[in-house]
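Here's protein.cif, which has mmCIF, N, CA and C atoms:
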```cif
data_work
#
loop_
_atom_site.label_atom_id
_atom_site.label_comp_id
_atom_site.auth_asym_id
_atom_site.auth_seq_id
_atom_site.Cartn_x
_atom_site.Cartn_y
_atom_site.Cartn_z
N MET A 1 30.25 10.35 -7.62
CA MET A 1 29.96 11.77 -7.68
C MET A 1 30.15 12.31 -9.10
N PHE A 2 31.19 11.90 -9.80
CA PHE A 2 31.51 12.50 -11.08
C PHE A 2 31.06 11.60 -12.23
N HIS A 3 29.77 11.66 -12.56
CA HIS A 3 29.24 10.84 -13.63
C HIS A 3 28.89 11.64 -14.88
N VAL A 4 28.48 12.89 -14.70
CA VAL A 4 27.96 13.68 -15.80
C VAL A 4 28.90 14.86 -16.06
N GLN A 5 29.54 14.86 -17.23
CA GLN A 5 30.48 15.91 -17.58
C GLN A 5 29.75 17.14 -18.09
N VAL A 6 30.30 18.31 -17.82
CA VAL A 6 29.76 19.58 -18.28
C VAL A 6 30.80 20.21 -19.20
N MET A 7 30.34 20.63 -20.40
CA MET A 7 31.23 21.20 -21.40
C MET A 7 30.92 22.67 -21.62
N ASP A 8 31.91 23.44 -22.05
CA ASP A 8 31.68 24.80 -22.54
C ASP A 8 31.18 24.64 -23.97
N ALA A 9 29.94 24.98 -24.23
CA ALA A 9 29.35 24.75 -25.55
C ALA A 9 29.98 25.61 -26.64
N ASP A 10 30.60 26.72 -26.27
CA ASP A 10 31.22 27.59 -27.27
C ASP A 10 32.58 27.07 -27.73
N THR A 11 33.33 26.44 -26.82
CA THR A 11 34.67 25.96 -27.15
C THR A 11 34.76 24.44 -27.26
N ASP A 12 33.73 23.75 -26.78
CA ASP A 12 33.68 22.29 -26.70
C ASP A 12 34.72 21.72 -25.74
N ASP A 13 35.22 22.55 -24.83
CA ASP A 13 36.16 22.10 -23.80
C ASP A 13 35.40 21.66 -22.56
N PRO A 14 35.87 20.60 -21.91
CA PRO A 14 35.23 20.21 -20.65
C PRO A 14 35.55 21.24 -19.57
N ILE A 15 34.53 21.58 -18.75
CA ILE A 15 34.81 22.50 -17.64
C ILE A 15 34.70 21.80 -16.29
N GLY A 16 34.08 20.64 -16.24
CA GLY A 16 33.97 19.93 -14.98
C GLY A 16 32.87 18.90 -15.01
N TYR A 17 32.40 18.57 -13.81
CA TYR A 17 31.38 17.53 -13.64
C TYR A 17 30.23 18.05 -12.81
N LEU A 18 29.04 17.67 -13.20
CA LEU A 18 27.83 18.06 -12.47
C LEU A 18 27.82 17.37 -11.11
N VAL A 19 27.71 18.17 -10.06
CA VAL A 19 27.76 17.65 -8.70
C VAL A 19 26.40 17.76 -8.02
N ASP A 20 25.71 18.87 -8.24
CA ASP A 20 24.46 19.12 -7.53
C ASP A 20 23.58 20.03 -8.38
N ILE A 21 22.29 19.93 -8.14
CA ILE A 21 21.37 20.78 -8.87
C ILE A 21 20.15 21.04 -8.00
N SER A 22 19.58 22.20 -8.16
CA SER A 22 18.36 22.58 -7.45
C SER A 22 17.55 23.46 -8.39
N PRO A 23 16.33 23.81 -8.00
CA PRO A 23 15.55 24.70 -8.88
C PRO A 23 16.26 26.02 -9.17
N GLY A 24 17.14 26.46 -8.28
CA GLY A 24 17.79 27.75 -8.47
C GLY A 24 19.12 27.72 -9.19
N GLY A 25 19.70 26.54 -9.40
CA GLY A 25 21.00 26.52 -10.04
C GLY A 25 21.63 25.15 -10.03
N LEU A 26 22.93 25.14 -10.33
CA LEU A 26 23.67 23.89 -10.32
C LEU A 26 25.08 24.13 -9.82
N MET A 27 25.76 23.04 -9.43
CA MET A 27 27.14 23.13 -8.98
C MET A 27 27.98 22.19 -9.82
N VAL A 28 29.16 22.68 -10.20
CA VAL A 28 30.09 21.93 -11.02
C VAL A 28 31.41 21.82 -10.26
N ALA A 29 32.03 20.64 -10.32
CA ALA A 29 33.38 20.46 -9.78
C ALA A 29 34.34 20.49 -10.97
N SER A 30 35.38 21.31 -10.86
CA SER A 30 36.34 21.45 -11.95
C SER A 30 37.75 21.42 -11.38
N GLU A 31 38.73 21.28 -12.27
CA GLU A 31 40.12 21.21 -11.82
C GLU A 31 40.67 22.55 -11.35
N GLY A 32 40.00 23.62 -11.67
CA GLY A 32 40.42 24.95 -11.22
C GLY A 32 39.21 25.84 -11.09
N PRO A 33 39.39 27.02 -10.51
CA PRO A 33 38.25 27.93 -10.37
C PRO A 33 37.79 28.44 -11.73
N LEU A 34 36.48 28.64 -11.86
CA LEU A 34 35.91 29.23 -13.06
C LEU A 34 35.65 30.71 -12.81
N GLU A 35 35.56 31.48 -13.88
CA GLU A 35 35.36 32.92 -13.77
C GLU A 35 33.96 33.24 -13.23
N VAL A 36 33.92 33.98 -12.14
CA VAL A 36 32.67 34.35 -11.49
C VAL A 36 32.05 35.55 -12.21
N ASP A 37 30.72 35.64 -12.18
CA ASP A 37 29.93 36.69 -12.82
C ASP A 37 29.98 36.61 -14.34
N ARG A 38 30.38 35.49 -14.86
CA ARG A 38 30.39 35.26 -16.31
C ARG A 38 29.21 34.37 -16.67
N ARG A 39 28.55 34.68 -17.79
CA ARG A 39 27.49 33.82 -18.32
C ARG A 39 28.15 32.75 -19.18
N TYR A 40 27.87 31.50 -18.86
CA TYR A 40 28.42 30.37 -19.58
C TYR A 40 27.34 29.73 -20.44
N HIS A 41 27.73 29.29 -21.62
CA HIS A 41 26.87 28.49 -22.49
C HIS A 41 27.36 27.06 -22.29
N LEU A 42 26.57 26.25 -21.58
CA LEU A 42 26.99 24.92 -21.16
C LEU A 42 26.30 23.84 -21.99
N ARG A 43 27.02 22.76 -22.19
CA ARG A 43 26.47 21.58 -22.85
C ARG A 43 26.73 20.39 -21.94
N VAL A 44 25.69 19.61 -21.72
CA VAL A 44 25.79 18.44 -20.85
C VAL A 44 25.47 17.19 -21.70
N PRO A 45 26.52 16.46 -22.15
CA PRO A 45 26.26 15.21 -22.87
C PRO A 45 25.64 14.21 -21.89
N LEU A 46 24.61 13.55 -22.32
CA LEU A 46 23.89 12.62 -21.44
C LEU A 46 24.43 11.21 -21.61
N PRO A 47 24.55 10.47 -20.51
CA PRO A 47 25.09 9.10 -20.60
C PRO A 47 24.17 8.16 -21.38
N ILE A 48 22.88 8.43 -21.40
CA ILE A 48 21.92 7.69 -22.21
C ILE A 48 20.91 8.70 -22.74
N ALA A 49 20.15 8.31 -23.73
CA ALA A 49 19.13 9.22 -24.28
C ALA A 49 17.99 9.36 -23.26
N TYR A 50 17.61 10.59 -23.01
CA TYR A 50 16.49 10.92 -22.14
C TYR A 50 15.46 11.66 -22.97
N LEU A 51 14.28 11.09 -23.09
CA LEU A 51 13.19 11.72 -23.82
C LEU A 51 13.62 12.17 -25.21
N GLY A 52 14.51 11.41 -25.84
CA GLY A 52 14.98 11.71 -27.18
C GLY A 52 16.19 12.63 -27.24
N TYR A 53 16.67 13.12 -26.11
CA TYR A 53 17.83 14.01 -26.08
C TYR A 53 19.09 13.22 -25.74
N ARG A 54 20.18 13.50 -26.46
CA ARG A 54 21.49 12.92 -26.16
C ARG A 54 22.35 13.93 -25.40
N GLU A 55 21.90 15.18 -25.38
CA GLU A 55 22.59 16.24 -24.63
C GLU A 55 21.61 17.37 -24.39
N ILE A 56 21.95 18.22 -23.43
CA ILE A 56 21.16 19.43 -23.23
C ILE A 56 22.12 20.61 -23.22
N GLU A 57 21.61 21.74 -23.66
CA GLU A 57 22.37 22.99 -23.63
C GLU A 57 21.61 23.99 -22.78
N LEU A 58 22.36 24.78 -22.03
CA LEU A 58 21.75 25.79 -21.19
C LEU A 58 22.74 26.92 -20.98
N GLU A 59 22.20 28.03 -20.54
CA GLU A 59 23.05 29.14 -20.15
C GLU A 59 22.85 29.38 -18.67
N ALA A 60 23.92 29.78 -18.00
CA ALA A 60 23.87 30.05 -16.57
C ALA A 60 25.02 30.98 -16.21
N ILE A 61 24.86 31.67 -15.10
CA ILE A 61 25.88 32.60 -14.61
C ILE A 61 26.62 31.96 -13.45
N ALA A 62 27.96 31.94 -13.52
CA ALA A 62 28.76 31.46 -12.40
C ALA A 62 28.70 32.52 -11.30
N SER A 63 28.20 32.13 -10.13
CA SER A 63 27.99 33.12 -9.08
C SER A 63 28.99 33.01 -7.93
N TRP A 64 29.65 31.87 -7.77
CA TRP A 64 30.67 31.72 -6.73
C TRP A 64 31.58 30.56 -7.08
N THR A 65 32.75 30.55 -6.48
CA THR A 65 33.68 29.43 -6.62
C THR A 65 34.43 29.27 -5.31
N ALA A 66 34.78 28.03 -4.97
CA ALA A 66 35.48 27.74 -3.72
C ALA A 66 36.24 26.43 -3.87
N PRO A 67 37.33 26.27 -3.11
CA PRO A 67 38.02 24.98 -3.15
C PRO A 67 37.09 23.87 -2.67
N SER A 68 37.24 22.70 -3.26
CA SER A 68 36.45 21.54 -2.86
C SER A 68 37.13 20.83 -1.70
N LEU A 69 36.40 19.94 -1.06
CA LEU A 69 37.03 19.11 -0.03
C LEU A 69 38.09 18.21 -0.65
N HIS A 70 37.89 17.83 -1.90
CA HIS A 70 38.89 17.06 -2.64
C HIS A 70 39.93 18.05 -3.15
N PRO A 71 41.19 17.91 -2.78
CA PRO A 71 42.19 18.94 -3.11
C PRO A 71 42.43 19.19 -4.59
N ALA A 72 42.02 18.28 -5.45
CA ALA A 72 42.27 18.45 -6.89
C ALA A 72 41.16 19.24 -7.59
N PHE A 73 40.11 19.64 -6.85
CA PHE A 73 38.96 20.27 -7.50
C PHE A 73 38.52 21.56 -6.83
N HIS A 74 37.84 22.38 -7.62
CA HIS A 74 37.13 23.57 -7.15
C HIS A 74 35.65 23.36 -7.43
N ARG A 75 34.80 23.95 -6.62
CA ARG A 75 33.36 23.93 -6.85
C ARG A 75 32.94 25.30 -7.37
N THR A 76 32.03 25.32 -8.31
CA THR A 76 31.48 26.57 -8.83
C THR A 76 29.97 26.45 -8.86
N GLY A 77 29.31 27.45 -8.32
CA GLY A 77 27.86 27.49 -8.32
C GLY A 77 27.36 28.36 -9.46
N PHE A 78 26.33 27.88 -10.15
CA PHE A 78 25.72 28.59 -11.26
C PHE A 78 24.28 28.92 -10.90
N ARG A 79 23.82 30.10 -11.33
CA ARG A 79 22.44 30.53 -11.08
C ARG A 79 21.83 31.01 -12.39
N ASP A 80 20.55 31.32 -12.35
CA ASP A 80 19.84 31.84 -13.52
C ASP A 80 19.93 30.89 -14.71
N LEU A 81 19.55 29.63 -14.46
CA LEU A 81 19.58 28.64 -15.53
C LEU A 81 18.56 29.00 -16.61
N GLU A 82 18.99 28.96 -17.85
CA GLU A 82 18.10 29.20 -18.98
C GLU A 82 18.13 27.96 -19.86
N LEU A 83 17.00 27.24 -19.91
CA LEU A 83 16.88 26.09 -20.78
C LEU A 83 15.42 25.91 -21.17
N LYS A 84 15.22 25.19 -22.24
CA LYS A 84 13.87 24.96 -22.76
C LYS A 84 13.10 24.05 -21.80
N PRO A 85 11.75 24.19 -21.75
CA PRO A 85 10.95 23.34 -20.84
C PRO A 85 11.20 21.84 -21.03
N ALA A 86 11.31 21.36 -22.26
CA ALA A 86 11.55 19.93 -22.48
C ALA A 86 12.90 19.52 -21.92
N GLN A 87 13.89 20.41 -22.03
CA GLN A 87 15.20 20.10 -21.49
C GLN A 87 15.19 20.13 -19.96
N ARG A 88 14.35 20.94 -19.37
CA ARG A 88 14.23 20.95 -17.91
C ARG A 88 13.72 19.59 -17.43
N GLU A 89 12.77 19.01 -18.15
CA GLU A 89 12.26 17.68 -17.81
C GLU A 89 13.38 16.63 -17.92
N VAL A 90 14.20 16.74 -18.96
CA VAL A 90 15.33 15.83 -19.13
C VAL A 90 16.29 15.99 -17.95
N LEU A 91 16.57 17.23 -17.58
CA LEU A 91 17.48 17.49 -16.47
C LEU A 91 16.93 16.93 -15.16
N ASP A 92 15.63 17.06 -14.95
CA ASP A 92 15.01 16.50 -13.74
C ASP A 92 15.19 14.98 -13.69
N ARG A 93 15.01 14.30 -14.82
CA ARG A 93 15.20 12.84 -14.85
C ARG A 93 16.64 12.47 -14.59
N LEU A 94 17.56 13.24 -15.16
CA LEU A 94 18.99 12.99 -14.94
C LEU A 94 19.32 13.13 -13.46
N VAL A 95 18.80 14.17 -12.84
CA VAL A 95 19.03 14.41 -11.41
C VAL A 95 18.51 13.23 -10.58
N ASP A 96 17.31 12.77 -10.88
CA ASP A 96 16.74 11.65 -10.14
C ASP A 96 17.56 10.37 -10.34
N ASP A 97 17.98 10.10 -11.58
CA ASP A 97 18.73 8.88 -11.86
C ASP A 97 20.11 8.87 -11.20
N TYR A 98 20.76 10.02 -11.11
CA TYR A 98 22.10 10.08 -10.55
C TYR A 98 22.13 10.65 -9.13
N HIS A 99 20.96 10.86 -8.56
CA HIS A 99 20.84 11.32 -7.16
C HIS A 99 21.64 12.61 -6.93
N LEU A 100 21.47 13.55 -7.86
CA LEU A 100 22.21 14.81 -7.77
C LEU A 100 21.47 15.87 -6.96
N ARG A 101 20.21 15.63 -6.65
CA ARG A 101 19.43 16.66 -5.95
C ARG A 101 19.96 16.83 -4.54
N ALA A 102 20.09 18.09 -4.15
CA ALA A 102 20.60 18.41 -2.82
C ALA A 102 19.62 17.93 -1.76
N ALA A 103 20.14 17.55 -0.62
CA ALA A 103 19.30 17.14 0.50
C ALA A 103 18.53 18.36 1.00
N GLU A 104 17.28 18.17 1.27
CA GLU A 104 16.44 19.28 1.74
C GLU A 104 16.57 19.44 3.23
#
```

What's the structure tokens form of this structure?
Amino acid sequence: MFHVQVMDADTDDPIGYLVDISPGGLMVASEGPLEVDRRYHLRVPLPIAYLGYREIELEAIASWTAPSLHPAFHRTGFRDLELKPAQREVLDRLVDDYHLRAAE
């Protein structure tokens, strides 16, 4: 589940791991709850180069947070993803490779 780390691009601090993604947003698992209704500038270092990218940056708003089934983590949902079209293609490939897409 925890293969792709998500960083705060402004502070370079890790905030958690990418758990799920859909056209409307993404979910991150972190060690504690993240601030809701805050716009985050996120950086996702990629485990391998995708289409020439070693990382992607995006902005998104944290819209909810809840305890995870795993007691050491919280889940946070992000909406209103803002990223460049080429980076969206990279993100789609990452999702397919790591099976992050939510079940329909």

When the PyMOL selection byres (((chain A and resi 40 and name CA) around 8) and name CA) is applied to the structure above, which residues does it catch, written out as an NGL selection string? :A and (8 or 38-39 or 41-42 or 59-62)

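Between atom N of Glu57 (chain A) and atom N of Val44 (chain A) lies a distance of 5.0 Å.
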
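The space separating atom N of Arg88 (chain A) from atom C of Val36 (chain A) comes to 24.0 Å.
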
Would you please extract all strand (DSSP E or B) residues from region 45-85 of chain A, as assigned by DSSP on the backbone, and give them as number ranges by chain? A: 45-50, 53-67, 74-82

Using N, CA and C atoms, can you write the selected residues to a file as a compact mmCIF listing (two decimals), in the frame of the given file?
```txt
# COMPACT_ATOMS: atom_id res chain seq x y z
N PRO A 45 26.52 16.46 -22.15
CA PRO A 45 26.26 15.21 -22.87
C PRO A 45 25.64 14.21 -21.89
N LEU A 46 24.61 13.55 -22.32
CA LEU A 46 23.89 12.62 -21.44
C LEU A 46 24.43 11.21 -21.61
N PRO A 47 24.55 10.47 -20.51
CA PRO A 47 25.09 9.10 -20.60
C PRO A 47 24.17 8.16 -21.38
N ILE A 48 22.88 8.43 -21.40
CA ILE A 48 21.92 7.69 -22.21
C ILE A 48 20.91 8.70 -22.74
N ALA A 49 20.15 8.31 -23.73
CA ALA A 49 19.13 9.22 -24.28
C ALA A 49 17.99 9.36 -23.26
N TYR A 50 17.61 10.59 -23.01
CA TYR A 50 16.49 10.92 -22.14
C TYR A 50 15.46 11.66 -22.97
N TYR A 53 16.67 13.12 -26.11
CA TYR A 53 17.83 14.01 -26.08
C TYR A 53 19.09 13.22 -25.74
N ARG A 54 20.18 13.50 -26.46
CA ARG A 54 21.49 12.92 -26.16
C ARG A 54 22.35 13.93 -25.40
N GLU A 55 21.90 15.18 -25.38
CA GLU A 55 22.59 16.24 -24.63
C GLU A 55 21.61 17.37 -24.39
N ILE A 56 21.95 18.22 -23.43
CA ILE A 56 21.16 19.43 -23.23
C ILE A 56 22.12 20.61 -23.22
N GLU A 57 21.61 21.74 -23.66
CA GLU A 57 22.37 22.99 -23.63
C GLU A 57 21.61 23.99 -22.78
N LEU A 58 22.36 24.78 -22.03
CA LEU A 58 21.75 25.79 -21.19
C LEU A 58 22.74 26.92 -20.98
N GLU A 59 22.20 28.03 -20.54
CA GLU A 59 23.05 29.14 -20.15
C GLU A 59 22.85 29.38 -18.67
N ALA A 60 23.92 29.78 -18.00
CA ALA A 60 23.87 30.05 -16.57
C ALA A 60 25.02 30.98 -16.21
N ILE A 61 24.86 31.67 -15.10
CA ILE A 61 25.88 32.60 -14.61
C ILE A 61 26.62 31.96 -13.45
N ALA A 62 27.96 31.94 -13.52
CA ALA A 62 28.76 31.46 -12.40
C ALA A 62 28.70 32.52 -11.30
N SER A 63 28.20 32.13 -10.13
CA SER A 63 27.99 33.12 -9.08
C SER A 63 28.99 33.01 -7.93
N TRP A 64 29.65 31.87 -7.77
CA TRP A 64 30.67 31.72 -6.73
C TRP A 64 31.58 30.56 -7.08
N THR A 65 32.75 30.55 -6.48
CA THR A 65 33.68 29.43 -6.62
C THR A 65 34.43 29.27 -5.31
N ALA A 66 34.78 28.03 -4.97
CA ALA A 66 35.48 27.74 -3.72
C ALA A 66 36.24 26.43 -3.87
N PRO A 67 37.33 26.27 -3.11
CA PRO A 67 38.02 24.98 -3.15
C PRO A 67 37.09 23.87 -2.67
N HIS A 74 37.84 22.38 -7.62
CA HIS A 74 37.13 23.57 -7.15
C HIS A 74 35.65 23.36 -7.43
N ARG A 75 34.80 23.95 -6.62
CA ARG A 75 33.36 23.93 -6.85
C ARG A 75 32.94 25.30 -7.37
N THR A 76 32.03 25.32 -8.31
CA THR A 76 31.48 26.57 -8.83
C THR A 76 29.97 26.45 -8.86
N GLY A 77 29.31 27.45 -8.32
CA GLY A 77 27.86 27.49 -8.32
C GLY A 77 27.36 28.36 -9.46
N PHE A 78 26.33 27.88 -10.15
CA PHE A 78 25.72 28.59 -11.26
C PHE A 78 24.28 28.92 -10.90
N ARG A 79 23.82 30.10 -11.33
CA ARG A 79 22.44 30.53 -11.08
C ARG A 79 21.83 31.01 -12.39
N ASP A 80 20.55 31.32 -12.35
CA ASP A 80 19.84 31.84 -13.52
C ASP A 80 19.93 30.89 -14.71
N LEU A 81 19.55 29.63 -14.46
CA LEU A 81 19.58 28.64 -15.53
C LEU A 81 18.56 29.00 -16.61
N GLU A 82 18.99 28.96 -17.85
CA GLU A 82 18.10 29.20 -18.98
C GLU A 82 18.13 27.96 -19.86
```

For a quick check of understanding, using only N, CA and C atoms, which of A:Thr65, A:Thr76, A:Gln87, A:Thr11 has the smallest distance to Leu26 (chain A)?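 The closest residue to Leu26 (chain A) is A:Thr76.
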
Pick the closest to Leu18 (chain A) from A:His3, A:His74, A:Arg93, A:Arg79: which is it, counting all atoms listed in the file?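 Closest candidate: A:His3.
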
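Proximity to Ile56 (chain A) was assessed for A:Ile15, A:Val95, A:Val28, A:Leu83 counting only C-alpha atoms; the smallest distance is recorded for A:Leu83.
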
Running DSSP on the backbone, which parts of chain A land in alpha helix (DSSP H), as a ChimeraX atom specification? /A:85-98

Just give me the gap between atom N of Ala49 (chain A) and atom C of Pro85 (chain A) in Å, one decimal is fine.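 Straight-line distance from atom N of Ala49 (chain A) to atom C of Pro85 (chain A) works out to 16.4 Å.
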
Once the PyMOL selection byres ((chain A and resi 31) around 6) has been evaluated on this model, what residues remain selected, and can you format them as a list in words?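 Evaluating the PyMOL selection byres ((chain A and resi 31) around 6) on this file yields Ile15, Gly16, Ala29, Ser30, Gly32, Pro33, Ala72, Phe73 and His74 of chain A.
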
Please save N, CA and C atoms of the selected residues as an mmCIF file, in the coordinates of the input.
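Output below, filename part-v4.cif:
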```cif
data_model
loop_
_atom_site.group_PDB
_atom_site.id
_atom_site.type_symbol
_atom_site.label_atom_id
_atom_site.label_comp_id
_atom_site.auth_asym_id
_atom_site.auth_seq_id
_atom_site.Cartn_x
_atom_site.Cartn_y
_atom_site.Cartn_z
ATOM 1 N N ILE A 15 34.530 21.580 -18.750
ATOM 2 C CA ILE A 15 34.810 22.500 -17.640
ATOM 3 C C ILE A 15 34.700 21.800 -16.290
ATOM 4 N N GLY A 16 34.080 20.640 -16.240
ATOM 5 C CA GLY A 16 33.970 19.930 -14.980
ATOM 6 C C GLY A 16 32.870 18.900 -15.010
ATOM 7 N N ALA A 29 32.030 20.640 -10.320
ATOM 8 C CA ALA A 29 33.380 20.460 -9.780
ATOM 9 C C ALA A 29 34.340 20.490 -10.970
ATOM 10 N N SER A 30 35.380 21.310 -10.860
ATOM 11 C CA SER A 30 36.340 21.450 -11.950
ATOM 12 C C SER A 30 37.750 21.420 -11.380
ATOM 13 N N GLY A 32 40.000 23.620 -11.670
ATOM 14 C CA GLY A 32 40.420 24.950 -11.220
ATOM 15 C C GLY A 32 39.210 25.840 -11.090
ATOM 16 N N PRO A 33 39.390 27.020 -10.510
ATOM 17 C CA PRO A 33 38.250 27.930 -10.370
ATOM 18 C C PRO A 33 37.790 28.440 -11.730
ATOM 19 N N ALA A 72 42.020 18.280 -5.450
ATOM 20 C CA ALA A 72 42.270 18.450 -6.890
ATOM 21 C C ALA A 72 41.160 19.240 -7.590
ATOM 22 N N PHE A 73 40.110 19.640 -6.850
ATOM 23 C CA PHE A 73 38.960 20.270 -7.500
ATOM 24 C C PHE A 73 38.520 21.560 -6.830
ATOM 25 N N HIS A 74 37.840 22.380 -7.620
ATOM 26 C CA HIS A 74 37.130 23.570 -7.150
ATOM 27 C C HIS A 74 35.650 23.360 -7.430
#
```

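Evaluated against this file, the PyMOL selection byres ((chain A and resi 24) around 7) yields Ile21, Ser22, Pro23, Gly25, Leu26, Phe78, Arg79, Asp80 and Leu81 of chain A.
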
Saved selection, atoms kept: N, CA and C atoms, as a short mmCIF file (atom, residue, chain, number, x, y, z; two decimals), in the coordinates of the input:
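Result went into out_12.cif, see below:
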```cif
data_model
loop_
_atom_site.label_atom_id
_atom_site.label_comp_id
_atom_site.auth_asym_id
_atom_site.auth_seq_id
_atom_site.Cartn_x
_atom_site.Cartn_y
_atom_site.Cartn_z
N ILE A 21 22.29 19.93 -8.14
CA ILE A 21 21.37 20.78 -8.87
C ILE A 21 20.15 21.04 -8.00
N SER A 22 19.58 22.20 -8.16
CA SER A 22 18.36 22.58 -7.45
C SER A 22 17.55 23.46 -8.39
N PRO A 23 16.33 23.81 -8.00
CA PRO A 23 15.55 24.70 -8.88
C PRO A 23 16.26 26.02 -9.17
N GLY A 25 19.70 26.54 -9.40
CA GLY A 25 21.00 26.52 -10.04
C GLY A 25 21.63 25.15 -10.03
N LEU A 26 22.93 25.14 -10.33
CA LEU A 26 23.67 23.89 -10.32
C LEU A 26 25.08 24.13 -9.82
N PHE A 78 26.33 27.88 -10.15
CA PHE A 78 25.72 28.59 -11.26
C PHE A 78 24.28 28.92 -10.90
N ARG A 79 23.82 30.10 -11.33
CA ARG A 79 22.44 30.53 -11.08
C ARG A 79 21.83 31.01 -12.39
N ASP A 80 20.55 31.32 -12.35
CA ASP A 80 19.84 31.84 -13.52
C ASP A 80 19.93 30.89 -14.71
N LEU A 81 19.55 29.63 -14.46
CA LEU A 81 19.58 28.64 -15.53
C LEU A 81 18.56 29.00 -16.61
#
```

With distances taken over all atoms listed in the file, which of A:Leu58, A:Trp64, A:Val19, A:Leu91 is nearest to Glu35 (chain A)? A:Trp64

Measuring between all atoms listed in the file, which one of A:Leu34, A:Pro47, A:Val90, A:Glu82 shows the shortest distance to Ala66 (chain A)?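 Among the listed residues, the smallest separation from Ala66 (chain A) belongs to A:Leu34.
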
Option closest in space to Met27 (chain A), from A:Arg43, A:Ala9, A:Ile48, A:Ser63 [counting only C-alpha atoms]: A:Ser63

Expected axis-aligned box over every listed atom of region 17-20 of chain A, 8 Å added per side, centre plus edges in Å to one decimal, as lines of an AutoDock Vina configuration file:
```
center_x = 28.0
center_y = 18.7
center_z = -10.7
size_x = 24.8
size_y = 18.7
size_z = 22.3
```
